[in-house]
Amino acid sequence: MAQLSRYGSGKSAADVFEFLDCSEECRTEDAQNVYSTWAANYDQDMTTFGYQAPQQLVSVMHGMLGGVNPSNVRVLDVAAGTGMVGSELQKLGYTNADGLDANPDMLKVAENKHVYQRLIEAKLGTGQLPVAPDTYDAVLIVGAFTPNWSHLQPECFEELVQITKPGGFIIVGTSTSTLASDIGKAMEAKLRELQERSLLSIVDKPTRPMFFKDWEGTFFVCKVT
């Protein structure tokens, strides 16, 4: 397994992923520091892990949009990181996509791929998202809710509903095992609360094998009302 030399002595990519995803010692600022260290090797390591979630997420979105011309669809990739989802979007002709992430080092890698129209360095949950209401036809998130709560918080869906056009989609992908954790339960509860408030409807909840390693993935497909 690849070694992440700048993240401590002898730490493998598997060690770092375990820290980011599960360690109770990992807080948001710790996660950001680690991602800055990992940025240059992130894609290679995640590919070695068998990370198929980006392809699966874009495939789910593509199926929901039907015969729409991809170049006319405005997409926001939330927690875009190094642009792995953006690369999959580009393959299918979704060239009108923006990427949002809190980490400038990850976004620098994404910038060099030229898969986004705009890169937005911002943290969700601050109430200061530099995006106008009703901007996007589709908002995508994958792998951004972790059992240790060190990444996104479920309250971010309030902001994402605001920037999604009525009739547009918010699609959230996570490992099925995460849904059994406190963050997974809170994430699903928040989506169902927004549905009860008539701000969105959960229209599909497909699963896919081999989301990450041999883990199954679950995708919440939500249509904004």
# chains A, B, ... in the order shown; residues from 1 in each chain; ligands from 1
$ residues_around --residues "Leu107 of chain A" --least-positions-apart "3" --cutoff "10 Å" --atoms "only C-alpha atoms" --output "list in words"
Ser36, Ala39, Ala79, Ala80, Gly81, Thr82, Gly83, Gly99, Leu100, Asp101, Ala102, Asn103, Pro104, Ala110, Glu111, Asn112, Lys113, Leu119, Ile120 and Glu121 of chain A
$ closest_atom_pairs --of "segment 66-177 of chain A" --to "segment 197-219 of chain A" --cutoff "12 Å" --atoms "only C-alpha atoms" --output "tab-separated table"
residue	atom	partner	partner_atom	distance
A:Leu140	CA	A:Phe219	CA	10.2
A:Ile141	CA	A:Phe219	CA	9.5
A:Val142	CA	A:Phe219	CA	8.6
A:Gly143	CA	A:Phe212	CA	9.5
A:Phe157	CA	A:Leu200	CA	10.3
A:Glu158	CA	A:Leu199	CA	9.2
A:Glu159	CA	A:Leu199	CA	11.5
A:Leu160	CA	A:Leu199	CA	10.9
A:Val161	CA	A:Leu199	CA	7.3
A:Gln162	CA	A:Leu199	CA	9.2
A:Thr164	CA	A:Leu200	CA	10.3
A:Lys165	CA	A:Leu200	CA	10.9
A:Pro166	CA	A:Leu200	CA	8.9
A:Gly167	CA	A:Leu200	CA	8.9
A:Gly168	CA	A:Leu200	CA	9.4
A:Phe169	CA	A:Leu200	CA	8.8
A:Ile170	CA	A:Leu200	CA	8.9
A:Ile171	CA	A:Phe219	CA	6.6
A:Val172	CA	A:Phe219	CA	5.4
A:Gly173	CA	A:Phe219	CA	4.3
A:Thr174	CA	A:Thr218	CA	5.6
A:Ser175	CA	A:Gly217	CA	4.2
A:Thr176	CA	A:Gly217	CA	5.0
A:Ser177	CA	A:Glu216	CA	7.6
$ atom_distance --atom1 "atom CA of Gly125 of chain A" --atom2 "atom CA of Glu188 of chain A"
17.3 Å
$ atom_distance --atom1 "atom CA of Gly63 of chain A" --atom2 "atom CA of Gln90 of chain A"
15.5 Å
$ select_by_dssp --residues "segment 81-187 of chain A" --states "strand (DSSP E)" --output "mmCIF file with C-alpha atoms, in the first residue's frame"
data_model
loop_
_atom_site.group_PDB
_atom_site.id
_atom_site.type_symbol
_atom_site.label_atom_id
_atom_site.label_comp_id
_atom_site.auth_asym_id
_atom_site.auth_seq_id
_atom_site.Cartn_x
_atom_site.Cartn_y
_atom_site.Cartn_z
ATOM 1 C CA ALA A 97 -20.099 21.662 -13.510
ATOM 2 C CA ASP A 98 -18.669 23.475 -10.507
ATOM 3 C CA GLY A 99 -16.693 21.966 -7.650
ATOM 4 C CA LEU A 100 -16.967 22.985 -3.993
ATOM 5 C CA ASP A 101 -14.553 21.993 -1.251
ATOM 6 C CA ARG A 118 -15.748 27.165 -11.315
ATOM 7 C CA LEU A 119 -13.974 26.046 -8.154
ATOM 8 C CA ILE A 120 -15.502 27.243 -4.887
ATOM 9 C CA GLU A 121 -13.390 27.118 -1.749
ATOM 10 C CA TYR A 136 -28.045 24.159 -9.989
ATOM 11 C CA ASP A 137 -29.997 21.423 -11.729
ATOM 12 C CA ALA A 138 -28.134 18.749 -9.771
ATOM 13 C CA VAL A 139 -26.097 18.792 -6.569
ATOM 14 C CA LEU A 140 -23.937 15.731 -5.906
ATOM 15 C CA ILE A 141 -22.303 14.518 -2.682
ATOM 16 C CA VAL A 142 -20.468 11.267 -2.100
ATOM 17 C CA THR A 164 -30.859 23.818 -6.191
ATOM 18 C CA LYS A 165 -33.478 24.759 -8.764
ATOM 19 C CA PRO A 166 -37.069 23.616 -8.171
ATOM 20 C CA GLY A 167 -37.333 20.277 -9.928
ATOM 21 C CA GLY A 168 -33.588 19.746 -9.601
ATOM 22 C CA PHE A 169 -31.905 16.896 -7.781
ATOM 23 C CA ILE A 170 -29.737 16.494 -4.705
ATOM 24 C CA ILE A 171 -28.079 13.060 -4.818
ATOM 25 C CA VAL A 172 -26.190 11.804 -1.785
ATOM 26 C CA GLY A 173 -24.032 8.687 -1.844
ATOM 27 C CA THR A 174 -22.668 6.926 1.217
ATOM 28 C CA SER A 175 -21.628 3.438 2.222
#
$ atom_distance --atom1 "atom CA of Val85 of chain A" --atom2 "atom CA of Pro54 of chain A"
4.8 Å
$ closest_residue --among "A:Phe145, A:Tyr94, A:Tyr35, A:Phe49" --to "Ile183 of chain A" --atoms "only C-alpha atoms"
A:Phe145
$ select_by_dssp --residues "chain A" --states "alpha helix (DSSP H)" --output "VMD selection string"
chain A and resid 13 to 22 28 to 38 42 to 49 53 to 65 84 to 91 104 to 113 156 to 163 182 to 196
$ write_last_selection --atoms "C-alpha atoms" --output "PDB file, in the first residue's frame"
ATOM      1  CA  ALA A  13      -3.149   5.154   2.939  1.00  0.00           C
ATOM      2  CA  ALA A  14      -5.289   2.571   4.750  1.00  0.00           C
ATOM      3  CA  ASP A  15      -4.171   3.970   8.127  1.00  0.00           C
ATOM      4  CA  VAL A  16      -5.027   7.495   7.062  1.00  0.00           C
ATOM      5  CA  PHE A  17      -8.430   6.539   5.691  1.00  0.00           C
ATOM      6  CA  GLU A  18      -9.266   4.769   8.963  1.00  0.00           C
ATOM      7  CA  PHE A  19      -8.266   7.908  10.885  1.00  0.00           C
ATOM      8  CA  LEU A  20     -10.326  10.224   8.692  1.00  0.00           C
ATOM      9  CA  ASP A  21     -13.418   8.044   8.652  1.00  0.00           C
ATOM     10  CA  CYS A  22     -13.625   6.449  12.079  1.00  0.00           C
ATOM     11  CA  THR A  28     -12.640  18.825  11.118  1.00  0.00           C
ATOM     12  CA  GLU A  29      -9.345  20.715  11.310  1.00  0.00           C
ATOM     13  CA  ASP A  30      -7.436  17.427  11.598  1.00  0.00           C
ATOM     14  CA  ALA A  31      -9.207  16.072   8.517  1.00  0.00           C
ATOM     15  CA  GLN A  32      -8.346  19.162   6.507  1.00  0.00           C
ATOM     16  CA  ASN A  33      -4.678  18.932   7.469  1.00  0.00           C
ATOM     17  CA  VAL A  34      -4.578  15.300   6.418  1.00  0.00           C
ATOM     18  CA  TYR A  35      -6.274  16.002   3.090  1.00  0.00           C
ATOM     19  CA  SER A  36      -3.708  18.707   2.370  1.00  0.00           C
ATOM     20  CA  THR A  37      -0.990  16.113   2.913  1.00  0.00           C
ATOM     21  CA  TRP A  38      -2.783  13.455   0.893  1.00  0.00           C
ATOM     22  CA  TYR A  42      -5.290  10.808  -3.227  1.00  0.00           C
ATOM     23  CA  ASP A  43      -6.572   9.649  -6.613  1.00  0.00           C
ATOM     24  CA  GLN A  44      -4.009   6.889  -6.941  1.00  0.00           C
ATOM     25  CA  ASP A  45      -4.658   5.587  -3.433  1.00  0.00           C
ATOM     26  CA  MET A  46      -8.441   5.674  -3.739  1.00  0.00           C
ATOM     27  CA  THR A  47      -8.254   3.877  -7.071  1.00  0.00           C
ATOM     28  CA  THR A  48      -6.095   1.209  -5.435  1.00  0.00           C
ATOM     29  CA  PHE A  49      -8.789   0.840  -2.770  1.00  0.00           C
ATOM     30  CA  ALA A  53     -18.437   5.667  -5.837  1.00  0.00           C
ATOM     31  CA  PRO A  54     -17.740   8.618  -8.188  1.00  0.00           C
ATOM     32  CA  GLN A  55     -18.701   6.611 -11.289  1.00  0.00           C
ATOM     33  CA  GLN A  56     -21.756   5.207  -9.520  1.00  0.00           C
ATOM     34  CA  LEU A  57     -22.922   8.629  -8.345  1.00  0.00           C
ATOM     35  CA  VAL A  58     -22.699  10.140 -11.821  1.00  0.00           C
ATOM     36  CA  SER A  59     -24.429   7.098 -13.303  1.00  0.00           C
ATOM     37  CA  VAL A  60     -27.340   7.484 -10.881  1.00  0.00           C
ATOM     38  CA  MET A  61     -27.662  11.166 -11.783  1.00  0.00           C
ATOM     39  CA  HIS A  62     -27.435  10.453 -15.500  1.00  0.00           C
ATOM     40  CA  GLY A  63     -30.240   7.920 -15.231  1.00  0.00           C
ATOM     41  CA  MET A  64     -32.489  10.352 -13.373  1.00  0.00           C
ATOM     42  CA  LEU A  65     -31.964  13.128 -15.924  1.00  0.00           C
ATOM     43  CA  MET A  84     -12.813  12.461  -9.139  1.00  0.00           C
ATOM     44  CA  VAL A  85     -16.552  13.054  -9.602  1.00  0.00           C
ATOM     45  CA  GLY A  86     -15.796  15.918 -11.978  1.00  0.00           C
ATOM     46  CA  SER A  87     -13.763  13.598 -14.186  1.00  0.00           C
ATOM     47  CA  GLU A  88     -16.688  11.185 -14.397  1.00  0.00           C
ATOM     48  CA  LEU A  89     -19.059  14.037 -15.219  1.00  0.00           C
ATOM     49  CA  GLN A  90     -16.826  15.158 -18.058  1.00  0.00           C
ATOM     50  CA  LYS A  91     -16.731  11.647 -19.540  1.00  0.00           C
ATOM     51  CA  PRO A 104      -7.385  24.453  -1.194  1.00  0.00           C
ATOM     52  CA  ASP A 105      -4.763  21.761  -1.755  1.00  0.00           C
ATOM     53  CA  MET A 106      -7.338  19.237  -2.933  1.00  0.00           C
ATOM     54  CA  LEU A 107      -8.923  21.887  -5.168  1.00  0.00           C
ATOM     55  CA  LYS A 108      -5.534  22.648  -6.722  1.00  0.00           C
ATOM     56  CA  VAL A 109      -5.370  19.058  -7.963  1.00  0.00           C
ATOM     57  CA  ALA A 110      -8.919  19.407  -9.289  1.00  0.00           C
ATOM     58  CA  GLU A 111      -8.039  22.655 -11.048  1.00  0.00           C
ATOM     59  CA  ASN A 112      -5.310  20.916 -13.026  1.00  0.00           C
ATOM     60  CA  LYS A 113      -7.849  18.421 -14.398  1.00  0.00           C
ATOM     61  CA  CYS A 156     -25.789  21.394   5.241  1.00  0.00           C
ATOM     62  CA  PHE A 157     -28.813  20.110   3.325  1.00  0.00           C
ATOM     63  CA  GLU A 158     -30.625  23.334   4.268  1.00  0.00           C
ATOM     64  CA  GLU A 159     -28.113  25.320   2.221  1.00  0.00           C
ATOM     65  CA  LEU A 160     -28.076  22.839  -0.635  1.00  0.00           C
ATOM     66  CA  VAL A 161     -31.849  22.965  -1.047  1.00  0.00           C
ATOM     67  CA  GLN A 162     -31.607  26.733  -1.427  1.00  0.00           C
ATOM     68  CA  ILE A 163     -29.088  26.608  -4.283  1.00  0.00           C
ATOM     69  CA  ASP A 182     -25.200   8.080  14.294  1.00  0.00           C
ATOM     70  CA  ILE A 183     -24.173  10.324  11.384  1.00  0.00           C
ATOM     71  CA  GLY A 184     -25.999   8.094   8.927  1.00  0.00           C
ATOM     72  CA  LYS A 185     -29.173   8.144  10.992  1.00  0.00           C
ATOM     73  CA  ALA A 186     -28.940  11.922  11.385  1.00  0.00           C
ATOM     74  CA  MET A 187     -28.332  12.398   7.654  1.00  0.00           C
ATOM     75  CA  GLU A 188     -31.375  10.348   6.694  1.00  0.00           C
ATOM     76  CA  ALA A 189     -33.482  12.013   9.403  1.00  0.00           C
ATOM     77  CA  LYS A 190     -32.582  15.458   8.041  1.00  0.00           C
ATOM     78  CA  LEU A 191     -33.566  14.478   4.510  1.00  0.00           C
ATOM     79  CA  ARG A 192     -36.888  13.125   5.782  1.00  0.00           C
ATOM     80  CA  GLU A 193     -37.451  16.310   7.788  1.00  0.00           C
ATOM     81  CA  LEU A 194     -36.943  18.375   4.632  1.00  0.00           C
ATOM     82  CA  GLN A 195     -39.396  16.073   2.882  1.00  0.00           C
ATOM     83  CA  GLU A 196     -41.970  16.621   5.635  1.00  0.00           C
TER      84      GLU A 196
END
$ decode --residues "segment 93-105 of chain A" --atoms "all heavy atoms" --output "JSON list (two decimals), in the first residue's frame"
[["chain", "number", "residue", "atom", "x", "y", "z"],
["A", 93, "GLY", "N", -20.17, 14.06, -20.70],
["A", 93, "GLY", "CA", -20.56, 15.30, -21.37],
["A", 93, "GLY", "C", -21.11, 16.38, -20.48],
["A", 93, "GLY", "O", -21.59, 17.41, -20.97],
["A", 94, "TYR", "N", -21.03, 16.18, -19.16],
["A", 94, "TYR", "CA", -21.50, 17.22, -18.22],
["A", 94, "TYR", "C", -20.36, 18.22, -18.00],
["A", 94, "TYR", "O", -19.58, 18.12, -17.06],
["A", 94, "TYR", "CB", -21.95, 16.59, -16.90],
["A", 94, "TYR", "CG", -23.17, 15.72, -17.05],
["A", 94, "TYR", "CD1", -23.06, 14.35, -17.24],
["A", 94, "TYR", "CD2", -24.45, 16.29, -17.03],
["A", 94, "TYR", "CE1", -24.19, 13.56, -17.40],
["A", 94, "TYR", "CE2", -25.58, 15.50, -17.19],
["A", 94, "TYR", "CZ", -25.44, 14.14, -17.37],
["A", 94, "TYR", "OH", -26.57, 13.35, -17.53],
["A", 95, "THR", "N", -20.30, 19.18, -18.90],
["A", 95, "THR", "CA", -19.19, 20.13, -18.91],
["A", 95, "THR", "C", -19.50, 21.43, -18.18],
["A", 95, "THR", "O", -18.64, 22.29, -18.07],
["A", 95, "THR", "CB", -18.80, 20.45, -20.37],
["A", 95, "THR", "OG1", -19.97, 20.90, -21.07],
["A", 95, "THR", "CG2", -18.26, 19.21, -21.05],
["A", 96, "ASN", "N", -20.74, 21.56, -17.68],
["A", 96, "ASN", "CA", -21.15, 22.78, -16.99],
["A", 96, "ASN", "C", -21.26, 22.50, -15.49],
["A", 96, "ASN", "O", -22.31, 22.65, -14.88],
["A", 96, "ASN", "CB", -22.49, 23.26, -17.54],
["A", 96, "ASN", "CG", -22.80, 24.70, -17.16],
["A", 96, "ASN", "OD1", -21.97, 25.40, -16.56],
["A", 96, "ASN", "ND2", -23.99, 25.15, -17.49],
["A", 97, "ALA", "N", -20.14, 22.07, -14.91],
["A", 97, "ALA", "CA", -20.10, 21.66, -13.51],
["A", 97, "ALA", "C", -19.16, 22.54, -12.71],
["A", 97, "ALA", "O", -18.13, 23.01, -13.21],
["A", 97, "ALA", "CB", -19.66, 20.20, -13.40],
["A", 98, "ASP", "N", -19.52, 22.77, -11.46],
["A", 98, "ASP", "CA", -18.67, 23.47, -10.51],
["A", 98, "ASP", "C", -18.27, 22.51, -9.40],
["A", 98, "ASP", "O", -18.98, 21.54, -9.11],
["A", 98, "ASP", "CB", -19.40, 24.67, -9.88],
["A", 98, "ASP", "CG", -19.79, 25.73, -10.90],
["A", 98, "ASP", "OD1", -19.16, 25.79, -11.97],
["A", 98, "ASP", "OD2", -20.73, 26.50, -10.62],
["A", 99, "GLY", "N", -17.15, 22.79, -8.75],
["A", 99, "GLY", "CA", -16.69, 21.97, -7.65],
["A", 99, "GLY", "C", -16.52, 22.79, -6.39],
["A", 99, "GLY", "O", -15.95, 23.88, -6.42],
["A", 100, "LEU", "N", -17.04, 22.29, -5.28],
["A", 100, "LEU", "CA", -16.97, 22.98, -3.99],
["A", 100, "LEU", "C", -16.24, 22.11, -2.98],
["A", 100, "LEU", "O", -16.55, 20.93, -2.83],
["A", 100, "LEU", "CB", -18.38, 23.30, -3.49],
["A", 100, "LEU", "CG", -18.50, 24.08, -2.17],
["A", 100, "LEU", "CD1", -19.78, 24.93, -2.19],
["A", 100, "LEU", "CD2", -18.51, 23.19, -0.94],
["A", 101, "ASP", "N", -15.27, 22.71, -2.30],
["A", 101, "ASP", "CA", -14.55, 21.99, -1.25],
["A", 101, "ASP", "C", -13.93, 23.02, -0.31],
["A", 101, "ASP", "O", -13.67, 24.16, -0.71],
["A", 101, "ASP", "CB", -13.47, 21.08, -1.85],
["A", 101, "ASP", "CG", -13.06, 19.96, -0.92],
["A", 101, "ASP", "OD1", -12.21, 20.21, -0.03],
["A", 101, "ASP", "OD2", -13.59, 18.85, -1.05],
["A", 102, "ALA", "N", -13.65, 22.58, 0.92],
["A", 102, "ALA", "CA", -13.04, 23.48, 1.90],
["A", 102, "ALA", "C", -11.53, 23.44, 1.86],
["A", 102, "ALA", "O", -10.88, 24.26, 2.52],
["A", 102, "ALA", "CB", -13.53, 23.12, 3.30],
["A", 103, "ASN", "N", -10.96, 22.50, 1.09],
["A", 103, "ASN", "CA", -9.51, 22.31, 1.14],
["A", 103, "ASN", "C", -8.84, 22.82, -0.13],
["A", 103, "ASN", "O", -9.03, 22.27, -1.22],
["A", 103, "ASN", "CB", -9.20, 20.81, 1.32],
["A", 103, "ASN", "CG", -7.74, 20.58, 1.60],
["A", 103, "ASN", "OD1", -6.90, 20.70, 0.72],
["A", 103, "ASN", "ND2", -7.42, 20.28, 2.86],
["A", 104, "PRO", "N", -8.02, 23.86, 0.00],
["A", 104, "PRO", "CA", -7.38, 24.45, -1.19],
["A", 104, "PRO", "C", -6.38, 23.53, -1.89],
["A", 104, "PRO", "O", -6.21, 23.60, -3.11],
["A", 104, "PRO", "CB", -6.69, 25.70, -0.65],
["A", 104, "PRO", "CG", -6.48, 25.42, 0.80],
["A", 104, "PRO", "CD", -7.64, 24.59, 1.23],
["A", 105, "ASP", "N", -5.74, 22.66, -1.14],
["A", 105, "ASP", "CA", -4.76, 21.76, -1.76],
["A", 105, "ASP", "C", -5.44, 20.68, -2.60],
["A", 105, "ASP", "O", -4.95, 20.32, -3.67],
["A", 105, "ASP", "CB", -3.90, 21.12, -0.67],
["A", 105, "ASP", "CG", -3.06, 22.15, 0.07],
["A", 105, "ASP", "OD1", -2.24, 22.82, -0.58],
["A", 105, "ASP", "OD2", -3.24, 22.30, 1.29]]
